[in-house]
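Containing mmCIF, C-alpha atoms: upload_4.cif.
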```cif
data_coords
#
loop_
_atom_site.label_atom_id
_atom_site.label_comp_id
_atom_site.auth_asym_id
_atom_site.auth_seq_id
_atom_site.Cartn_x
_atom_site.Cartn_y
_atom_site.Cartn_z
CA MET A 1 41.01 73.50 -192.67
CA LEU A 2 44.65 74.59 -192.83
CA LEU A 3 47.07 71.92 -193.97
CA ARG A 4 49.76 71.05 -191.45
CA ARG A 5 52.58 68.59 -191.82
CA GLU A 6 50.82 66.34 -189.26
CA ASP A 7 47.89 66.10 -191.72
CA TRP A 8 49.95 64.32 -194.36
CA ASP A 9 53.16 62.92 -192.83
CA PHE A 10 52.50 59.73 -190.85
CA SER A 11 55.93 58.21 -191.43
CA GLY A 12 56.97 58.56 -187.77
CA LEU A 13 53.78 57.15 -186.26
CA PRO A 14 54.42 54.36 -183.69
CA ALA A 15 52.98 50.96 -184.65
CA GLY A 16 50.73 50.86 -181.58
CA GLU A 17 49.01 54.09 -182.65
CA LEU A 18 48.32 53.23 -186.29
CA VAL A 19 44.73 52.02 -185.96
CA PRO A 20 43.64 54.67 -183.39
CA ALA A 21 45.23 57.35 -185.58
CA LEU A 22 43.45 56.01 -188.66
CA LEU A 23 40.06 56.13 -186.91
CA TRP A 24 40.78 59.58 -185.48
CA GLU A 25 41.86 61.06 -188.80
CA PHE A 26 38.93 59.62 -190.75
CA ARG A 27 36.53 60.99 -188.13
CA ARG A 28 38.09 64.41 -188.70
CA GLU A 29 37.08 64.04 -192.35
CA SER A 30 33.44 63.32 -191.46
CA SER A 31 30.95 66.18 -191.73
CA GLY A 32 28.73 64.23 -189.34
CA ALA A 33 31.37 64.53 -186.61
CA GLU A 34 31.24 68.31 -186.91
CA ARG A 35 27.46 68.29 -186.33
CA VAL A 36 27.85 65.97 -183.34
CA VAL A 37 30.44 68.30 -181.82
CA LEU A 38 28.18 71.34 -182.21
CA GLU A 39 25.33 69.50 -180.47
CA ALA A 40 27.63 68.29 -177.71
CA GLN A 41 29.02 71.80 -177.21
CA ALA A 42 25.51 73.14 -176.79
CA TRP A 43 24.71 70.51 -174.17
CA LEU A 44 27.99 71.01 -172.28
CA ALA A 45 27.32 74.76 -172.22
CA GLY A 46 23.85 74.13 -170.78
CA LYS A 47 22.09 75.53 -173.85
CA ALA A 48 20.58 72.33 -175.26
CA ARG A 49 17.02 71.40 -174.33
CA LYS A 50 14.69 68.69 -175.50
CA PRO A 51 11.70 69.78 -177.64
CA PRO A 52 8.62 70.41 -175.51
CA THR A 53 5.65 68.09 -175.68
CA ALA A 54 2.59 69.44 -177.47
CA ARG A 55 0.39 71.69 -175.34
CA GLY A 56 -2.67 69.86 -176.66
CA SER A 57 -1.67 66.69 -174.83
CA ARG A 58 -1.76 68.56 -171.51
CA PRO A 59 -4.74 70.91 -171.73
CA GLY A 60 -4.55 73.91 -169.44
CA LYS A 61 -1.00 73.15 -168.33
CA ARG A 62 2.41 74.54 -169.21
CA GLN A 63 4.53 72.79 -171.77
CA ARG A 64 7.10 70.43 -170.32
CA TYR A 65 10.11 68.70 -171.75
CA GLY A 66 10.06 64.99 -172.50
CA ALA A 67 12.21 62.75 -170.30
CA LYS A 68 12.60 59.50 -172.26
CA PHE A 69 16.28 60.33 -172.62
CA SER A 70 18.33 62.82 -170.67
CA GLU A 71 20.30 65.35 -172.68
CA ALA A 72 23.45 63.46 -171.65
CA GLU A 73 22.07 60.21 -173.08
CA ALA A 74 21.04 61.90 -176.32
CA ALA A 75 24.44 63.60 -176.62
CA LEU A 76 26.25 60.33 -175.96
CA LEU A 77 24.16 58.37 -178.47
CA ARG A 78 25.03 60.92 -181.16
CA ALA A 79 28.67 61.09 -180.09
CA LEU A 80 29.04 57.30 -180.21
CA SER A 81 28.62 57.41 -183.98
CA ALA A 82 31.68 59.65 -184.25
CA PHE A 83 33.79 59.03 -181.14
CA GLY A 84 32.67 55.64 -179.80
CA ASP A 85 36.16 54.17 -180.16
CA PHE A 86 37.52 56.75 -177.70
CA ILE A 87 34.80 56.78 -175.00
CA ALA A 88 35.41 54.37 -172.12
CA LEU A 89 31.94 52.85 -172.16
CA GLU A 90 32.62 50.33 -169.40
CA ASP A 91 34.04 52.84 -166.92
CA PHE A 92 30.69 54.02 -165.61
CA CYS A 93 29.58 51.32 -163.21
CA SER A 94 27.19 52.29 -160.45
CA VAL A 95 27.20 50.14 -157.31
CA HIS A 96 25.41 52.77 -155.26
CA ASN A 97 21.83 52.46 -154.17
CA TRP A 98 20.93 55.63 -156.03
CA SER A 99 17.52 56.90 -156.96
CA ARG A 100 16.83 57.38 -160.66
CA LYS A 101 17.49 61.12 -160.31
CA GLN A 102 20.80 60.57 -158.50
CA ARG A 103 21.94 58.01 -161.04
CA ARG A 104 21.03 60.29 -163.95
CA THR A 105 22.96 63.17 -162.36
CA ALA A 106 26.04 60.97 -161.95
CA TRP A 107 25.64 59.66 -165.50
CA ASN A 108 25.37 63.17 -166.90
CA ARG A 109 28.52 64.19 -165.07
CA TRP A 110 30.42 61.15 -166.34
CA VAL A 111 29.31 61.69 -169.94
CA ALA A 112 30.27 65.35 -169.78
CA ASN A 113 33.76 64.48 -168.52
CA SER A 114 34.14 61.92 -171.33
CA LEU A 115 32.99 64.29 -174.06
CA ARG A 116 34.88 67.45 -173.10
CA PRO A 117 38.36 66.41 -174.29
CA LEU A 118 36.92 64.89 -177.48
CA VAL A 119 34.90 68.01 -178.28
CA ARG A 120 37.90 70.18 -177.52
CA ASP A 121 40.34 68.23 -179.69
CA TYR A 122 38.15 66.62 -182.35
CA ASN A 123 39.73 68.59 -185.22
CA VAL A 124 43.31 68.46 -183.92
CA PRO A 125 45.57 66.13 -185.96
CA TRP A 126 46.42 62.95 -184.10
CA LEU A 127 50.12 63.77 -184.19
CA CYS A 128 49.45 67.23 -182.70
CA LEU A 129 47.81 65.80 -179.59
CA PRO A 130 50.01 65.73 -176.46
CA ASP A 131 51.74 62.38 -175.91
CA ALA A 132 49.82 61.81 -172.67
CA GLU A 133 46.47 62.36 -174.41
CA ARG A 134 47.40 60.03 -177.26
CA GLN A 135 48.36 57.32 -174.79
CA ARG A 136 45.07 57.84 -172.91
CA LEU A 137 43.08 57.48 -176.14
CA VAL A 138 45.09 54.40 -177.19
CA GLY A 139 44.34 52.83 -173.81
CA ILE A 140 40.60 53.49 -174.18
CA PHE A 141 40.65 52.16 -177.74
CA GLU A 142 42.38 48.92 -176.73
CA ALA A 143 39.97 48.42 -173.80
CA ASN A 144 36.95 49.02 -176.04
CA ARG A 145 38.33 46.79 -178.77
CA ASN A 146 37.25 43.61 -177.01
CA ALA A 147 34.46 44.99 -174.82
CA ASP A 148 32.73 46.47 -177.88
CA VAL A 149 32.60 43.11 -179.66
CA VAL A 150 30.71 40.98 -177.15
CA ARG A 151 29.99 41.65 -173.50
CA ILE A 152 27.57 40.40 -170.87
CA GLY A 153 24.57 42.70 -170.82
CA ARG A 154 23.39 44.54 -167.73
CA TRP A 155 20.00 44.43 -166.09
CA ALA A 156 19.69 48.17 -166.66
CA ASP A 157 19.80 47.65 -170.44
CA GLY A 158 17.01 45.07 -170.51
CA VAL A 159 14.82 46.75 -167.90
CA GLY A 160 15.29 50.16 -169.53
CA TYR A 161 14.29 48.81 -172.96
CA PHE A 162 11.26 47.05 -171.47
CA ASN A 163 10.08 50.17 -169.64
CA LEU A 164 10.52 52.30 -172.76
CA HIS A 165 8.93 50.03 -175.39
CA LYS A 166 6.61 47.81 -173.29
CA PRO A 167 7.05 44.67 -175.47
CA ASN A 168 4.97 41.56 -174.98
CA ALA A 169 6.52 39.77 -171.99
CA GLY A 170 6.17 36.44 -173.79
CA LEU A 171 8.42 37.45 -176.70
CA PRO A 172 12.09 36.40 -176.82
CA MET A 173 14.34 38.87 -174.97
CA LYS A 174 16.05 40.44 -177.96
CA PHE A 175 16.42 44.15 -178.55
CA GLY A 176 18.68 46.18 -180.79
CA TYR A 177 19.91 49.73 -181.32
CA SER A 178 22.25 51.04 -183.98
CA ARG A 179 24.73 48.24 -184.71
CA TYR A 180 24.22 46.48 -181.35
CA THR A 181 21.88 43.65 -180.38
CA GLY A 182 21.12 42.51 -176.84
CA VAL A 183 19.83 39.00 -176.19
CA PHE A 184 19.10 36.87 -173.14
CA LEU A 185 20.52 33.36 -173.49
CA THR A 186 19.56 30.32 -171.45
CA ILE A 187 22.31 27.68 -171.73
CA ASN A 188 22.05 24.01 -170.82
CA TRP A 189 25.62 23.20 -169.79
CA ALA A 190 24.94 19.45 -169.92
CA HIS A 191 25.65 19.62 -173.67
CA SER A 192 29.14 19.80 -175.16
CA LYS A 193 30.71 23.21 -175.73
CA ASN A 194 30.88 22.56 -179.47
CA ARG A 195 27.13 21.96 -179.59
CA ILE A 196 26.46 25.04 -177.44
CA LEU A 197 28.65 27.22 -179.67
CA ALA A 198 26.95 25.86 -182.79
CA ALA A 199 23.54 26.72 -181.34
CA ILE A 200 24.75 30.23 -180.41
CA GLY A 201 26.05 30.63 -183.98
CA ASN A 202 22.56 29.89 -185.34
CA ILE A 203 21.09 32.49 -182.97
CA LEU A 204 23.63 35.07 -184.18
CA LYS A 205 22.55 34.51 -187.78
CA GLU A 206 18.93 35.17 -186.78
CA CYS A 207 19.80 38.30 -184.80
CA GLU A 208 22.20 39.97 -187.24
CA PRO A 209 20.70 43.33 -188.31
CA ALA A 210 20.60 44.24 -191.98
CA GLY A 211 22.56 47.14 -193.41
CA VAL A 212 25.41 47.26 -190.89
CA VAL A 213 28.70 47.79 -192.73
CA SER A 214 31.69 46.47 -190.83
CA TRP A 215 35.34 47.30 -191.24
CA ASP A 216 37.17 43.98 -191.44
CA ARG A 217 40.80 44.23 -190.37
CA ARG A 218 41.50 40.51 -190.77
CA GLY A 219 44.74 40.00 -192.68
CA LYS A 220 45.63 43.69 -192.49
CA LYS A 221 49.14 44.29 -191.21
CA ASN A 222 50.50 47.53 -189.82
CA ARG A 223 51.84 48.42 -193.27
CA ASP A 224 48.31 48.11 -194.71
CA VAL A 225 46.95 50.53 -192.12
CA LEU A 226 49.80 52.94 -192.81
CA VAL A 227 48.97 52.79 -196.54
CA MET A 228 45.40 53.84 -195.72
CA LEU A 229 46.75 56.83 -193.81
CA GLU A 230 49.05 57.70 -196.70
CA ARG A 231 46.12 57.62 -199.12
CA LEU A 232 44.28 60.01 -196.83
CA ALA A 233 47.37 62.23 -196.78
CA MET A 234 47.51 62.43 -200.59
CA MET A 235 43.80 63.22 -200.77
CA ARG A 236 44.29 66.09 -198.31
CA VAL A 237 47.26 67.47 -200.21
CA LEU A 238 45.29 67.40 -203.49
CA HIS A 239 42.49 69.26 -201.72
CA HIS A 240 44.89 72.18 -201.13
CA PHE A 241 47.26 71.97 -204.12
CA THR A 242 47.29 70.82 -207.70
CA LEU A 243 49.74 68.03 -208.42
CA ALA A 244 52.03 70.49 -210.22
CA GLU A 245 51.98 72.80 -207.18
CA VAL A 246 52.86 69.96 -204.82
CA LYS A 247 56.24 69.51 -206.53
CA LEU A 248 57.07 73.19 -206.07
CA ARG A 249 55.37 74.19 -202.82
CA LEU A 250 55.20 71.02 -200.71
CA ALA A 251 58.51 69.31 -201.31
CA GLY A 252 58.20 67.12 -198.21
CA ALA A 253 54.94 65.54 -199.37
CA TRP A 254 56.26 65.11 -202.90
CA SER A 255 59.36 63.40 -201.55
CA LEU A 256 57.24 60.93 -199.55
CA TYR A 257 54.72 60.06 -202.27
CA GLN A 258 56.31 60.98 -205.61
CA HIS A 259 56.23 57.38 -206.87
CA ARG A 260 52.53 56.87 -206.06
CA ARG A 261 49.58 57.27 -208.41
CA TRP A 262 48.01 60.18 -206.57
CA TYR A 263 44.55 60.22 -208.10
CA HIS A 264 44.21 56.44 -207.93
CA GLU A 265 45.24 56.55 -204.25
CA ARG A 266 42.64 59.29 -203.71
CA GLN A 267 39.91 56.97 -205.04
CA GLN A 268 41.13 54.23 -202.71
CA ALA A 269 41.05 56.71 -199.83
CA LEU A 270 37.34 57.26 -200.50
CA LYS A 271 36.69 53.50 -200.27
CA ASN A 272 38.70 53.31 -197.05
CA PHE A 273 36.81 56.28 -195.60
CA ARG A 274 33.42 54.71 -196.24
CA ALA A 275 34.57 51.37 -194.82
CA VAL A 276 35.94 52.91 -191.62
CA VAL A 277 33.00 55.26 -191.09
CA GLY A 278 30.66 52.33 -191.70
CA SER A 279 28.53 53.58 -194.57
CA ALA A 280 28.57 52.78 -198.28
CA LYS A 281 26.26 55.65 -199.24
CA ALA A 282 27.08 57.04 -202.67
CA ASN A 283 26.70 60.63 -201.45
CA LEU A 284 29.08 60.26 -198.49
CA PHE A 285 32.41 61.98 -199.08
CA PRO A 286 35.32 63.12 -196.89
CA MET A 287 35.55 66.83 -196.28
CA SER A 288 38.83 66.93 -198.23
CA TRP A 289 37.43 65.05 -201.22
CA GLU A 290 37.20 67.94 -203.67
CA THR A 291 40.54 68.70 -205.29
CA LYS A 292 41.94 72.16 -205.94
CA ALA A 293 42.01 71.30 -209.65
CA GLN A 294 38.24 70.62 -209.56
CA ARG A 295 37.56 73.91 -207.81
CA SER A 296 39.62 75.84 -210.36
CA ARG A 297 37.49 74.44 -213.21
CA LYS A 298 34.21 75.60 -211.69
CA PRO A 299 32.74 78.63 -213.49
CA ALA A 300 32.74 81.84 -211.51
CA LEU A 301 29.35 82.96 -210.22
CA VAL A 302 27.99 85.99 -212.07
CA PRO A 303 25.95 88.29 -209.83
CA SER A 304 22.39 88.69 -210.97
CA LYS A 305 21.12 92.14 -211.93
#
```

Rewrite the structure of this file - the entire thing - as structure tokens.
Amino acid sequence: MLLRREDWDFSGLPAGELVPALLWEFRRESSGAERVVLEAQAWLAGKARKPPTARGSRPGKRQRYGAKFSEAEAALLRALSAFGDFIALEDFCSVHNWSRKQRRTAWNRWVANSLRPLVRDYNVPWLCLPDAERQRLVGIFEANRNADVVRIGRWADGVGYFNLHKPNAGLPMKFGYSRYTGVFLTINWAHSKNRILAAIGNILKECEPAGVVSWDRRGKKNRDVLVMLERLAMMRVLHHFTLAEVKLRLAGAWSLYQHRRWYHERQQALKNFRAVVGSAKANLFPMSWETKAQRSRKPALVPSK
């Protein structure tokens, strides 16, 4: 991607936008986000279809498309991994006495409206977004911040999981997907709140899924978040220029970061990226990870005869 000033200069970013901007910019560095956007674009354009069921399972009949998940649900599940912080998950609340088909149509429409601006702007630098759009995204992020931690589950979640997986009705009502877990709690309020909370804490330990990497912001001040953005900025600059070229061709960036250890900060940016994206995989790298100096050392390809 072309390097703009908004890709590396975060010095004027308002304090209230630091964390949303950090999440937005790291998602721009994710190759997975690009795949999600392509799939979402296909669905929004009406070109995405679910794979047909095998003809052998319906002898003598035409192939039909499976309906466990609508295309909107599949698109949203994939998009949540990249844009979940900026999708107002709690806004869709149906109080109508709709049929399943009517509800799915309304859900599809709502998901499409939520995805369109994200798909349109996913690779636009945060600071290049219009002020009104940034404020809208900040509002969604703040609303999701608490709702995404713990919320009271809905009947639709439990009933939908039961209809899909048909678990033994005598088993505890606990089901999980991705980094979420839904449970049904029965509380005896005759006990003290401390005892109730202690019992809930024990249940949480039992329910916690393995392998979920969380980004812990405890103790991180606004300056710490800004430092993470600055590390990302230096990594991006090194992707386009050698350090010697930065001094000559990108004086603004050199003026901001001349006293920093650029390659050390780049390594820290990689750790920050993996923490924010939520994966510690050794083969996961930002799209701007490779430096120009590394590319210049690669041997030129010789065409075969």

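Residues lying within 8 Å of Met287 of chain A, counting all atoms listed in the file and ignoring same-chain neighbours fewer than 6 positions away, are Glu29, Ser30 and Ser31 of chain A.
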
What residues come out when you apply the PyMOL selection byres ((chain A and resi 182) around 12) to this file, written as number ranges by chain? A: 149-159, 161, 172-181, 183-185, 203-204, 207-209

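Against this structure, the PyMOL selection byres ((chain A and resi 87) around 8) ends up with Leu80, Phe83, Gly84, Asp85, Phe86, Ala88, Leu89, Ser114, Leu115, Ile140 and Phe141 of chain A.
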
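Between Ala233 of chain A and the residues A:Asn188, A:Gln41, A:Ser288, A:Gln102, the shortest atom-to-atom distance, using only C-alpha atoms, involves A:Ser288.
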
Counting all atoms listed in the file, the option among A:Asn144, A:Arg266, A:Phe92, A:Trp126 closest to Ala106 of chain A: A:Phe92

Explicit residues for the PyMOL selection byres ((chain A and resi 269-283) around 12) (as a PyMOL selection string): chain A and resi 19-33+80-85+178-179+211-217+224-236+262-268+284-290

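Look at Leu127 of chain A: the protein and nucleic acid residues within 7 Å of it, using all atoms listed in the file and passing over chain neighbours fewer than 2 places away, are Glu6, Pro125 and Leu129 of chain A.
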